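> Dropping in my_file.cif, with mmCIF, C-alpha atoms.
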data_work
loop_
_atom_site.label_atom_id
_atom_site.label_comp_id
_atom_site.auth_asym_id
_atom_site.auth_seq_id
_atom_site.Cartn_x
_atom_site.Cartn_y
_atom_site.Cartn_z
CA MET A 1 -8.41 169.46 104.12
CA GLN A 2 -9.32 168.14 107.55
CA THR A 3 -8.15 170.21 110.47
CA LEU A 4 -7.72 168.90 113.97
CA MET A 5 -7.38 170.97 117.11
CA PHE A 6 -5.73 169.89 120.35
CA CYS A 7 -6.49 172.20 123.28
CA THR A 8 -3.63 171.96 125.74
CA ARG A 9 -2.11 173.43 128.86
CA LYS A 10 0.34 175.35 126.67
CA GLY A 11 -1.74 176.47 123.75
CA LEU A 12 -3.98 175.38 120.91
CA PHE A 13 -2.26 173.10 118.40
CA GLU A 14 -3.67 172.96 114.89
CA PHE A 15 -2.96 169.77 112.94
CA ALA A 16 -3.45 169.02 109.25
CA ARG A 17 -1.92 166.64 106.76
CA PRO A 18 -0.90 168.75 103.77
CA ALA A 19 1.44 166.02 102.48
CA GLY A 20 -0.30 162.91 103.76
CA ALA A 21 1.06 162.82 107.30
CA TRP A 22 -0.50 164.63 110.23
CA LYS A 23 1.63 167.51 111.48
CA ILE A 24 1.29 170.67 113.53
CA ILE A 25 0.70 173.55 111.16
CA LYS A 26 0.05 176.26 113.76
CA HIS A 27 0.46 176.84 117.48
CA HIS A 28 -2.13 179.34 118.66
CA PHE A 29 -1.74 181.05 122.07
CA PRO A 30 1.68 179.55 122.84
CA GLY A 31 2.22 179.05 126.55
CA GLU A 32 -1.39 179.74 127.48
CA ALA A 33 -3.88 177.10 128.66
CA VAL A 34 -6.77 176.51 126.26
CA SER A 35 -9.64 174.61 127.86
CA GLN A 36 -11.98 174.30 124.90
CA PHE A 37 -12.36 175.07 121.20
CA HIS A 38 -15.60 175.41 119.27
CA VAL A 39 -16.61 176.18 115.70
CA ASP A 40 -19.94 178.01 115.56
CA SER A 41 -21.88 176.06 112.95
CA PHE A 42 -24.01 179.15 112.24
CA SER A 43 -21.33 181.75 111.57
CA GLY A 44 -18.26 179.59 111.03
CA ALA A 45 -16.42 181.59 113.70
CA TRP A 46 -13.82 179.85 115.83
CA PHE A 47 -13.92 180.20 119.60
CA ALA A 48 -11.03 179.38 121.93
CA ALA A 49 -11.67 179.39 125.67
CA GLN A 50 -8.65 180.00 127.85
CA ASN A 51 -7.84 179.74 131.50
CA LEU A 52 -4.87 182.00 132.02
CA GLY A 53 -4.35 181.02 135.62
CA HIS A 54 -3.14 184.37 136.89
CA PHE A 55 -5.71 186.30 134.88
CA GLY A 56 -8.63 183.90 134.75
CA LEU A 57 -11.08 182.94 132.03
CA LYS A 58 -10.63 184.49 128.60
CA LEU A 59 -12.56 183.89 125.38
CA LYS A 60 -11.12 184.56 121.92
CA LYS A 61 -12.95 184.57 118.59
CA SER A 62 -11.65 184.37 115.05
CA PHE A 63 -13.35 184.85 111.69
CA ASP A 64 -10.22 184.07 109.68
CA HIS A 65 -9.39 180.55 110.88
CA GLY A 66 -7.11 181.72 113.62
CA ALA A 67 -5.02 184.22 111.66
CA THR A 68 -6.30 186.86 114.06
CA TRP A 69 -8.21 186.54 117.33
CA ALA A 70 -10.45 189.08 119.03
CA GLU A 71 -10.90 189.14 122.78
CA MET A 72 -14.57 188.62 123.66
CA PRO A 73 -16.58 189.23 126.82
CA CYS A 74 -16.56 186.18 129.06
CA PRO A 75 -19.43 184.45 130.79
CA ALA A 76 -19.48 185.87 134.32
CA PHE A 77 -21.58 185.56 137.44
CA PRO A 78 -23.52 188.46 138.92
CA GLU A 79 -22.53 189.83 142.31
CA LYS A 80 -22.90 187.15 144.96
CA PRO A 81 -25.76 188.00 147.35
CA LYS A 82 -24.64 189.17 150.78
CA THR A 83 -27.89 188.07 152.39
CA GLY A 84 -30.44 185.33 151.83
CA ASP A 85 -30.21 181.72 150.72
CA TRP A 86 -27.08 182.06 148.63
CA ALA A 87 -24.98 184.29 150.86
CA ASP A 88 -23.12 181.29 152.29
CA ASP A 89 -22.89 179.38 149.01
CA PRO A 90 -19.51 177.56 149.21
CA THR A 91 -19.25 177.47 145.42
CA PRO A 92 -17.37 180.54 144.18
CA TRP A 93 -19.35 182.94 142.01
CA ASN A 94 -16.40 183.22 139.64
CA VAL A 95 -16.25 181.36 136.36
CA GLY A 96 -13.04 179.35 136.41
CA HIS A 97 -13.09 178.06 132.87
CA ILE A 98 -15.38 177.08 130.02
CA TRP A 99 -15.54 173.28 130.03
CA THR A 100 -17.77 172.79 126.99
CA MET A 101 -19.44 174.77 124.22
CA ALA A 102 -22.26 174.00 121.80
CA ASP A 103 -24.47 175.81 119.30
CA ASP A 104 -27.84 175.16 117.71
CA GLY A 105 -26.86 176.09 114.16
CA ARG A 106 -29.17 179.09 114.29
CA GLY A 107 -26.99 181.56 116.07
CA THR A 108 -27.39 180.57 119.72
CA LEU A 109 -24.23 179.59 121.55
CA TRP A 110 -24.08 177.78 124.87
CA ALA A 111 -21.16 177.58 127.30
CA GLY A 112 -20.97 175.14 130.20
CA THR A 113 -18.56 176.19 132.90
CA MET A 114 -16.66 175.24 136.00
CA PRO A 115 -18.18 175.81 138.52
CA ALA A 116 -21.35 174.33 137.10
CA ALA A 117 -23.31 177.02 135.31
CA LEU A 118 -24.74 177.42 131.84
CA PHE A 119 -24.52 180.60 129.80
CA ARG A 120 -26.21 181.50 126.50
CA SER A 121 -25.24 184.00 123.84
CA THR A 122 -27.48 185.07 121.00
CA ASP A 123 -25.09 187.68 119.61
CA GLY A 124 -22.09 185.64 118.63
CA GLY A 125 -20.43 185.80 122.03
CA ALA A 126 -20.67 189.59 122.42
CA SER A 127 -22.67 189.02 125.61
CA TRP A 128 -23.58 186.03 127.78
CA GLN A 129 -26.69 185.35 129.81
CA LEU A 130 -26.52 183.14 132.90
CA MET A 131 -29.27 180.51 133.12
CA GLU A 132 -30.39 181.74 136.50
CA ALA A 133 -33.11 179.15 137.05
CA LEU A 134 -30.43 176.45 136.94
CA TRP A 135 -27.82 178.37 138.95
CA LEU A 136 -30.29 179.41 141.67
CA ASN A 137 -31.85 175.98 142.01
CA GLU A 138 -31.90 174.71 145.59
CA LYS A 139 -30.81 171.27 144.42
CA ARG A 140 -27.50 172.76 143.30
CA LYS A 141 -26.48 172.78 146.95
CA SER A 142 -26.25 168.96 146.77
CA TRP A 143 -23.93 168.90 143.77
CA MET A 144 -20.34 167.80 144.33
CA GLY A 145 -17.05 168.35 142.61
CA GLY A 146 -16.16 164.84 141.54
CA GLY A 147 -12.44 164.91 140.76
CA ASN A 148 -12.43 168.71 140.77
CA ASP A 149 -12.86 171.27 143.51
CA HIS A 150 -16.32 172.21 142.27
CA PRO A 151 -19.06 170.68 140.13
CA GLY A 152 -18.97 171.52 136.44
CA ILE A 153 -21.02 171.27 133.24
CA HIS A 154 -19.19 169.23 130.63
CA SER A 155 -21.88 168.10 128.17
CA ILE A 156 -24.55 170.17 126.38
CA LEU A 157 -27.09 168.35 124.23
CA ILE A 158 -29.36 170.42 121.98
CA ASP A 159 -32.32 168.61 120.48
CA PRO A 160 -31.93 168.89 116.69
CA ARG A 161 -35.74 168.91 116.39
CA ASP A 162 -36.33 171.76 118.83
CA ALA A 163 -33.51 174.09 119.91
CA ASN A 164 -35.48 175.07 123.03
CA VAL A 165 -34.93 171.56 124.34
CA VAL A 166 -31.48 171.50 125.89
CA ALA A 167 -29.91 169.15 128.40
CA VAL A 168 -26.68 169.43 130.36
CA ALA A 169 -24.66 166.85 132.26
CA ILE A 170 -22.95 167.78 135.50
CA SER A 171 -20.14 166.11 137.43
CA CYS A 172 -21.58 165.59 139.96
CA GLY A 173 -25.16 166.77 139.60
CA GLY A 174 -26.67 164.40 137.08
CA LEU A 175 -28.70 165.52 134.09
CA TRP A 176 -30.70 168.73 133.89
CA GLY A 177 -32.95 169.78 131.07
CA THR A 178 -35.04 172.66 129.81
CA ARG A 179 -37.87 172.53 127.30
CA ASP A 180 -38.40 176.27 127.12
CA GLY A 181 -35.00 177.59 126.07
CA GLY A 182 -33.66 177.90 129.60
CA ALA A 183 -36.49 179.56 131.53
CA THR A 184 -37.11 176.45 133.65
CA TRP A 185 -34.95 173.43 134.41
CA ALA A 186 -35.64 169.97 135.79
CA ASN A 187 -33.39 167.16 137.01
CA PHE A 188 -34.02 163.92 135.14
CA GLY A 189 -32.64 160.46 134.42
CA ASN A 190 -33.80 157.26 136.09
CA GLY A 191 -31.89 154.02 136.29
CA MET A 192 -28.39 155.23 137.12
CA ASN A 193 -26.59 153.88 140.13
CA ALA A 194 -24.09 156.05 142.00
CA VAL A 195 -22.45 153.28 144.00
CA TYR A 196 -20.14 155.79 145.70
CA MET A 197 -23.13 157.34 147.49
CA PRO A 198 -25.00 156.16 150.59
CA PRO A 199 -27.44 153.45 149.43
CA GLU A 200 -30.54 155.59 149.90
CA LEU A 201 -29.14 158.21 147.53
CA ALA A 202 -27.53 155.94 144.93
CA GLY A 203 -30.47 156.19 142.53
CA ASP A 204 -31.15 159.90 143.03
CA PRO A 205 -30.77 161.61 139.62
CA ASN A 206 -29.18 164.63 141.36
CA THR A 207 -26.29 162.63 142.82
CA GLN A 208 -25.09 161.05 139.57
CA ASP A 209 -21.67 161.60 138.06
CA PRO A 210 -22.10 161.36 134.30
CA HIS A 211 -18.54 161.69 132.98
CA ARG A 212 -19.76 162.41 129.47
CA VAL A 213 -23.07 162.18 127.59
CA ASP A 214 -23.57 162.09 123.82
CA PHE A 215 -26.40 161.22 121.47
CA CYS A 216 -26.93 160.04 117.90
CA LYS A 217 -27.69 163.15 115.85
CA SER A 218 -29.92 161.34 113.35
CA ALA A 219 -31.72 159.33 116.06
CA PRO A 220 -31.83 161.87 118.88
CA GLN A 221 -33.65 159.58 121.29
CA ALA A 222 -30.55 157.34 121.47
CA TRP A 223 -28.27 158.64 124.22
CA TRP A 224 -25.05 157.23 125.62
CA MET A 225 -23.39 157.88 128.95
CA GLN A 226 -19.99 157.10 130.36
CA HIS A 227 -20.92 157.23 134.04
CA HIS A 228 -18.40 157.28 136.88
CA PHE A 229 -19.36 153.65 137.22
CA ASN A 230 -20.45 151.74 134.15
CA LEU A 231 -21.80 152.61 130.77
CA TYR A 232 -25.44 153.43 130.17
CA ARG A 233 -27.72 153.84 127.18
CA SER A 234 -31.12 155.47 126.87
CA VAL A 235 -33.68 155.18 124.08
CA ASP A 236 -35.90 157.99 125.34
CA ALA A 237 -33.54 160.97 125.31
CA GLY A 238 -32.12 160.33 128.74
CA GLN A 239 -35.33 159.92 130.73
CA ASN A 240 -34.60 156.28 131.54
CA TRP A 241 -31.19 154.60 131.46
CA LYS A 242 -30.23 150.99 131.07
CA GLU A 243 -26.94 149.87 132.56
CA LEU A 244 -24.98 148.10 129.84
CA PRO A 245 -23.34 144.74 130.38
CA ALA A 246 -19.87 145.13 131.84
CA ALA A 247 -17.41 145.97 129.09
CA GLN A 248 -13.96 144.43 128.89
CA PRO A 249 -11.41 145.31 130.05
CA THR A 250 -13.39 147.82 132.16
CA SER A 251 -16.46 150.01 132.05
CA PHE A 252 -14.65 152.93 133.72
CA GLY A 253 -13.50 155.87 131.66
CA PHE A 254 -14.30 159.43 130.72
CA PRO A 255 -15.25 159.95 127.05
CA ILE A 256 -18.16 158.48 125.14
CA VAL A 257 -18.70 159.32 121.48
CA ALA A 258 -21.93 158.47 119.65
CA ASP A 259 -21.97 157.70 115.96
CA PRO A 260 -23.94 160.50 114.24
CA THR A 261 -25.95 158.17 112.00
CA ASN A 262 -25.92 154.70 113.58
CA PRO A 263 -27.70 154.72 116.96
CA LEU A 264 -26.17 151.36 117.86
CA ARG A 265 -22.53 152.47 117.52
CA ALA A 266 -20.42 154.31 120.08
CA TRP A 267 -16.82 154.51 121.29
CA ALA A 268 -15.37 154.58 124.80
CA VAL A 269 -11.88 154.51 126.26
CA PRO A 270 -11.54 152.00 129.10
CA THR A 271 -9.42 153.25 131.98
CA GLN A 272 -8.10 151.32 134.97
CA ALA A 273 -10.31 152.72 137.72
CA ASP A 274 -11.14 155.91 139.55
CA THR A 275 -8.30 155.15 141.94
CA HIS A 276 -5.83 154.55 139.07
CA ARG A 277 -6.69 157.00 136.32
CA TYR A 278 -4.58 155.70 133.48
CA ALA A 279 -4.59 153.04 130.79
CA ILE A 280 -5.22 149.60 132.22
CA ASP A 281 -1.89 148.12 133.32
CA GLY A 282 -0.23 150.76 131.16
CA ALA A 283 -1.73 149.33 127.95
CA MET A 284 -4.06 151.61 125.99
CA CYS A 285 -7.18 150.51 124.18
CA VAL A 286 -10.35 151.92 122.65
CA ASN A 287 -13.70 150.14 122.77
CA ARG A 288 -16.43 150.27 120.13
CA THR A 289 -19.89 148.79 120.21
CA ASP A 290 -21.98 148.21 117.10
CA ASP A 291 -24.93 146.60 118.83
CA GLY A 292 -26.18 149.21 121.25
CA GLY A 293 -23.72 148.37 123.99
CA THR A 294 -24.45 144.67 124.38
CA THR A 295 -20.91 143.83 123.29
CA TRP A 296 -17.75 145.85 122.75
CA GLN A 297 -14.74 145.27 120.51
CA THR A 298 -11.44 146.24 122.08
CA PHE A 299 -8.88 147.78 119.74
CA ARG A 300 -5.17 148.11 120.57
CA ASP A 301 -3.40 148.13 117.19
CA GLY A 302 -1.14 151.19 117.06
CA LEU A 303 -1.68 152.19 120.68
CA PRO A 304 1.12 151.84 123.27
CA GLN A 305 0.87 148.57 125.19
CA ALA A 306 3.51 148.89 127.90
CA HIS A 307 4.08 151.51 130.59
CA ALA A 308 1.72 153.97 128.92
CA TYR A 309 0.11 155.95 131.74
CA HIS A 310 -2.16 158.02 129.57
CA LEU A 311 -5.55 159.25 130.65
CA ILE A 312 -8.07 160.32 128.04
CA TYR A 313 -10.20 163.13 129.42
CA ARG A 314 -13.91 163.35 128.57
CA HIS A 315 -13.44 165.79 125.68
CA ASN A 316 -10.33 164.08 124.34
CA LEU A 317 -11.87 161.56 121.94
CA ALA A 318 -13.42 163.14 118.86
CA LEU A 319 -15.08 161.78 115.74
CA ALA A 320 -14.74 163.61 112.43
CA SER A 321 -17.74 164.36 110.23
CA ASP A 322 -16.92 161.36 108.01
CA GLY A 323 -18.02 159.08 110.85
CA LYS A 324 -14.87 156.97 110.76
CA THR A 325 -11.88 159.19 111.58
CA LEU A 326 -11.20 159.53 115.29
CA ALA A 327 -8.63 161.56 117.17
CA MET A 328 -7.52 161.19 120.76
CA GLY A 329 -5.23 163.11 123.10
CA SER A 330 -4.01 162.31 126.60
CA THR A 331 -3.12 164.01 129.83
CA THR A 332 0.51 163.16 129.18
CA GLY A 333 0.52 164.66 125.72
CA GLY A 334 0.02 161.59 123.56
CA ALA A 335 -1.92 162.09 120.33
CA TRP A 336 -3.43 159.48 118.03
CA VAL A 337 -5.63 159.30 114.95
CA SER A 338 -7.66 156.37 113.64
CA GLU A 339 -8.91 156.39 110.05
CA ASP A 340 -10.88 153.15 110.29
CA ALA A 341 -13.44 153.78 113.02
CA GLY A 342 -11.03 152.95 115.81
CA ALA A 343 -9.71 149.61 114.60
CA THR A 344 -6.14 150.83 114.12
CA TRP A 345 -4.35 153.94 115.34
CA ILE A 346 -1.55 156.18 114.13
CA THR A 347 0.64 157.82 116.75
CA LEU A 348 1.22 161.48 115.94
CA PRO A 349 4.93 162.26 116.28
CA VAL A 350 4.52 164.87 119.01
CA ALA A 351 4.80 165.17 122.76
CA LEU A 352 2.12 167.71 123.56
CA PRO A 353 1.37 169.42 126.86
CA LEU A 354 -1.60 168.06 128.84
CA VAL A 355 -4.52 167.78 126.40
CA SER A 356 -7.86 169.12 127.66
CA ALA A 357 -9.94 168.76 124.49
CA VAL A 358 -9.72 167.44 120.92
CA VAL A 359 -11.94 169.00 118.25
CA TRP A 360 -12.33 168.43 114.51
CA VAL A 361 -12.88 171.51 112.39
CA MET B 1 -6.33 212.81 144.26
CA SER B 2 -3.94 212.76 141.35
CA ILE B 3 -2.20 209.40 141.25
CA SER B 4 -0.12 207.44 138.77
CA ILE B 5 -0.93 203.85 137.83
CA THR B 6 1.19 201.34 135.92
CA PHE B 7 0.45 197.83 134.68
CA SER B 8 3.28 195.29 134.47
CA ALA B 9 4.71 193.85 131.26
CA HIS B 10 3.01 190.53 132.03
CA LEU B 11 -0.35 192.26 131.79
CA GLN B 12 0.67 194.43 128.85
CA ARG B 13 1.40 191.23 126.96
CA HIS B 14 -2.34 190.60 126.86
CA VAL B 15 -3.80 194.10 126.74
CA ALA B 16 -1.87 197.23 125.87
CA ILE B 17 -2.54 199.91 128.44
CA PRO B 18 -0.35 202.93 129.06
CA ALA B 19 0.91 204.23 132.37
CA GLN B 20 -1.53 206.92 133.38
CA ARG B 21 -1.90 209.89 135.66
CA ILE B 22 -5.51 210.03 136.79
CA ASP B 23 -7.73 211.32 139.54
CA ALA B 24 -8.82 208.55 141.92
CA ALA B 25 -9.69 208.45 145.61
CA THR B 26 -9.50 204.67 146.10
CA VAL B 27 -7.79 201.61 144.64
CA ILE B 28 -10.93 200.39 142.87
CA GLU B 29 -11.57 203.84 141.45
CA ALA B 30 -8.02 203.93 140.13
CA ILE B 31 -8.41 200.53 138.44
CA ASP B 32 -11.80 201.41 136.95
CA ARG B 33 -10.63 204.75 135.58
CA ALA B 34 -7.36 203.40 134.27
CA CYS B 35 -9.19 200.60 132.47
CA ALA B 36 -11.77 202.91 130.92
CA ALA B 37 -9.72 203.13 127.74
CA SER B 38 -8.94 199.39 127.72
CA PRO B 39 -12.00 197.70 129.25
CA THR B 40 -10.73 194.17 128.68
CA MET B 41 -7.86 194.86 131.11
CA ARG B 42 -10.35 195.11 133.98
CA ASN B 43 -11.16 191.41 133.54
CA TYR B 44 -7.47 190.57 133.85
CA VAL B 45 -7.14 192.37 137.17
CA LEU B 46 -10.56 191.77 138.78
CA ASP B 47 -12.70 188.63 138.97
CA ASP B 48 -16.47 188.28 138.46
CA GLN B 49 -17.09 189.72 141.92
CA GLY B 50 -14.91 192.78 141.36
CA HIS B 51 -12.18 191.45 143.65
CA ILE B 52 -8.50 191.57 142.78
CA ARG B 53 -7.61 188.22 141.28
CA LYS B 54 -5.79 185.75 143.51
CA HIS B 55 -2.65 185.90 141.40
CA VAL B 56 -2.57 189.63 140.80
CA ALA B 57 -0.85 191.98 143.22
CA VAL B 58 -1.40 195.70 143.76
CA PHE B 59 1.35 197.86 145.23
CA ILE B 60 0.82 201.37 146.58
CA ASP B 61 4.10 203.30 146.91
CA GLY B 62 5.91 199.97 147.02
CA ALA B 63 3.70 198.40 149.71
CA LEU B 64 1.61 195.35 148.84
CA LEU B 65 -2.12 195.92 149.24
CA LEU B 66 -3.23 193.56 152.00
CA PRO B 67 -5.78 192.24 152.35
CA ARG B 68 -6.34 192.14 148.61
CA SER B 69 -10.05 192.65 149.22
CA ASP B 70 -9.33 196.16 150.51
CA VAL B 71 -10.07 197.78 147.18
CA MET B 72 -11.69 200.75 148.94
CA ARG B 73 -8.29 201.71 150.42
CA PRO B 74 -7.94 205.51 150.10
CA LEU B 75 -5.11 206.82 147.96
CA HIS B 76 -3.13 209.92 148.83
CA ASP B 77 -2.31 212.63 146.38
CA GLY B 78 0.70 211.60 144.30
CA ALA B 79 0.39 207.89 145.08
CA ASN B 80 2.12 205.43 142.75
CA VAL B 81 0.02 202.32 142.04
CA HIS B 82 1.65 199.33 140.38
CA ILE B 83 -0.37 196.30 139.27
CA ILE B 84 1.60 193.15 138.58
CA GLN B 85 1.27 189.42 138.09
CA ALA B 86 1.83 187.89 141.51
CA LEU B 87 4.67 185.40 141.23
CA THR B 88 2.86 182.50 142.78
CA GLY B 89 3.88 178.94 142.22
CA GLY B 90 7.07 177.56 140.76
#
Output the structure of this file as structure tokens.

Amino acid sequence: MQTLMFCTRKGLFEFARPAGAWKIIKHHFPGEAVSQFHVDSFSGAWFAAQNLGHFGLKLKKSFDHGATWAEMPCPAFPEKPKTGDWADDPTPWNVGHIWTMADDGRGTLWAGTMPAALFRSTDGGASWQLMEALWLNEKRKSWMGGGNDHPGIHSILIDPRDANVVAVAISCGGLWGTRDGGATWANFGNGMNAVYMPPELAGDPNTQDPHRVDFCKSAPQAWWMQHHFNLYRSVDAGQNWKELPAAQPTSFGFPIVADPTNPLRAWAVPTQADTHRYAIDGAMCVNRTDDGGTTWQTFRDGLPQAHAYHLIYRHNLALASDGKTLAMGSTTGGAWVSEDAGATWITLPVALPLVSAVVWV
Amino acid sequence: MSISITFSAHLQRHVAIPAQRIDAATVIEAIDRACAASPTMRNYVLDDQGHIRKHVAVFIDGALLLPRSDVMRPLHDGANVHIIQALTGG
């Protein structure tokens, strides 16, 4: 039975369809904000990352599909230096929340956080190691917070051919990658255009605001990016990016989801603009390309088309392992499922709290 | 100094920790020693830098600890320390 998780401001909602229709079958952590959910593909353990507001970041782990949860150590920064280059760092040395998680299928977990740092665990989350070479990189001082107070890491891409090759995407700090398991990091990605920056910095890889980056698992050179402006595609694992022709109704949005087997297929959710972060004219749609981003089909069937001011955050569009079932959740608590690769949508009969991530189990 | 320390129900909801009578000379020493039996509680009260979280309040004999960074504040013998969720926001 497929299970679907909606991480929300007021808990983790578990959906299933025991009798054909999707319904909530369990509400984990009621009343508590859950920023991200991850299933460790190595151990099968569930991880739920929380931001308790008053009490900060918390990380829970379950080996029994959420029947019981154990409190785990959280990624944390070392003591901030009182002297030297980082003494006046305006970015707080406190992990606010875990924005994204990933694993390599061999027991190594990664957590990308807000503010922008990357942590690794090789013991199932019992301890976390800060990637210091990334955190203490001088170029970090040029990163910006985008729509948040501080920059954050929202995408982690592990090369399925070599788990030491890992890339992260930062809003706003562009793409950073390691080829040695995290010992050294380099900024990369040519061809992006940050039109919000002064002209001389618009092409600088370190100034880019990738909203979300994904890649085709069976063709891992084929990467997709929903940038703050426009959609991009790369055929060399993110080294060089080609700006895609303008999509209709817009090329602005947050999520991008790559098909796991077809490198020419991806989904995006067009949104009005950065100044109006909701469905275009209050009418929701989902875009899909089947030709590498040259053209996009716009699907509206089943989605609200009037006065629907939903915003789909970057982790709020998720593709199931069957490659055709999609789920989507909004900042205003809307929830939808498509069972035909996005062509038509079913509205789930719920009014959820703000959705921060949608994850298939 | 022998002091007593109590954690509010809001905190107990997450981590059970009894009221305790312990020896501690400062606020941070009181928190560290009180949390020794329930280490996860420390992360609820203190942030990565060992500072009292923005939305947690520490009272000593009914007086709010200000500034909150003053975790080295000496405690007198018999002090009553209460740690609560600061009621910030609406």
> So which residues get picked by the PyMOL selection byres ((chain B and resi 62) around 10) here, written as a compact mmCIF listing (two decimals) with C-alpha atoms, in the coordinates of the input?

# COMPACT_ATOMS: atom_id res chain seq x y z
CA VAL B 58 -1.40 195.70 143.76
CA PHE B 59 1.35 197.86 145.23
CA ILE B 60 0.82 201.37 146.58
CA ASP B 61 4.10 203.30 146.91
CA ALA B 63 3.70 198.40 149.71
CA LEU B 64 1.61 195.35 148.84
CA LEU B 65 -2.12 195.92 149.24
CA ALA B 79 0.39 207.89 145.08
CA ASN B 80 2.12 205.43 142.75
CA VAL B 81 0.02 202.32 142.04
CA HIS B 82 1.65 199.33 140.38
> Would you give me, as CSV, each residue of chain B having an atom within 8 Å of an atom of chain A, along with its shortest atom pair and that distance in Å to one decimal, using all atoms listed in the file and sorting by chain and residue number?

residue,atom,partner,partner_atom,distance
B:Thr40,CA,A:Glu71,CA,7.8
B:Asn43,CA,A:Phe55,CA,7.6
B:Tyr44,CA,A:Phe55,CA,4.7
B:Val45,CA,A:Phe55,CA,6.6
B:Asp47,CA,A:Asn94,CA,6.6
B:Asp48,CA,A:Asn94,CA,5.2
B:Gln49,CA,A:Glu79,CA,5.5
B:Arg53,CA,A:Phe55,CA,6.9
B:Lys54,CA,A:His54,CA,7.3
B:His55,CA,A:His54,CA,4.8
B:Val56,CA,A:His54,CA,6.6
B:Gln85,CA,A:His54,CA,6.8
B:Ala86,CA,A:His54,CA,7.6
> Take CA of Thr184 in chain A and CA of Trp241 in chain A and report the distance between them in Å, one decimal.
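Computing it gives 22.7 Å between the two atoms.
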> To verify the selection step, state as a ChimeraX atom specification which residues the PyMOL selection byres ((chain A and resi 234) around 10) yields on this input.
/A:189-191,215,221-225,232-233,235-243,292
> Give me, as JSON, numbers by chain, all polymer residues having an atom no more than 9 Å from range 32-45 of chain A, counting all atoms listed in the file and skipping those fewer than 4 positions away in the same chain.
{"A": [5, 6, 7, 8, 9, 10, 11, 12, 28, 49, 50, 51, 52, 53, 61, 62, 63, 64, 65, 97, 98, 99, 100, 101, 102, 103, 104, 105, 106, 107, 108, 109, 124, 315, 355, 356, 357, 358, 359, 360, 361]}
> What lies within 7 Å of Ala279 in chain A using only C-alpha atoms, ignoring chain neighbours under 6 positions off, as a ChimeraX atom specification?
/A:271-272,308-311
> Just so the selection is clear, what residues does the PyMOL selection byres ((chain B and resi 2) around 9) cover here, as JSON, numbers by chain?
{"B": [1, 3, 4, 21, 22, 23, 24, 25, 75, 76, 77, 78, 79]}
> Next, write the just-selected residues to a file, as a CSV table (one decimal), keeping the file's coordinate frame, keeping C-alpha atoms as the atom set.

chain,number,residue,atom,x,y,z
B,1,MET,CA,-6.3,212.8,144.3
B,3,ILE,CA,-2.2,209.4,141.2
B,4,SER,CA,-0.1,207.4,138.8
B,21,ARG,CA,-1.9,209.9,135.7
B,22,ILE,CA,-5.5,210.0,136.8
B,23,ASP,CA,-7.7,211.3,139.5
B,24,ALA,CA,-8.8,208.6,141.9
B,25,ALA,CA,-9.7,208.4,145.6
B,75,LEU,CA,-5.1,206.8,148.0
B,76,HIS,CA,-3.1,209.9,148.8
B,77,ASP,CA,-2.3,212.6,146.4
B,78,GLY,CA,0.7,211.6,144.3
B,79,ALA,CA,0.4,207.9,145.1
> So the first atom is CA of Phe119 in chain A and the second is CA of Asp214 in chain A; what is the distance between them in Å, to one decimal place?
19.5 Å
> Mind giving me the straight-line distance from CA of Ala117 in chain A to CA of Asp159 in chain A in Å, one decimal?
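CA of Ala117 in chain A sits 19.3 Å away from CA of Asp159 in chain A.
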> Using the file's own x, y and z axes, so that the box edges lie along x, y and z, what centre and edge lengths in Å (one decimal) does a box around every listed atom of range 68-76 of chain A get when 4 Å is added on each side? Give it as JSON.

{"center_x": -12.9, "center_y": 186.8, "center_z": 124.2, "size_x": 21.2, "size_y": 12.8, "size_z": 28.3}
> For a quick check of understanding, using all atoms listed in the file, which of A:Tyr313, A:Trp296, A:Phe252, A:Trp336 has the smallest distance to Ala273 in chain A?
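Of all the options, A:Phe252 lies closest to Ala273 in chain A.
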> List as a list in words the residues having at least one atom at most 8 Å from position (2.1, 192.6, 133.9) as given in the file, counting only C-alpha atoms.
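With a cut-off of 8 Å, the residues come to Phe7, Ser8, Ala9, His10, Leu11, Gln12, Arg13, Ile83, Ile84 and Gln85 of chain B.
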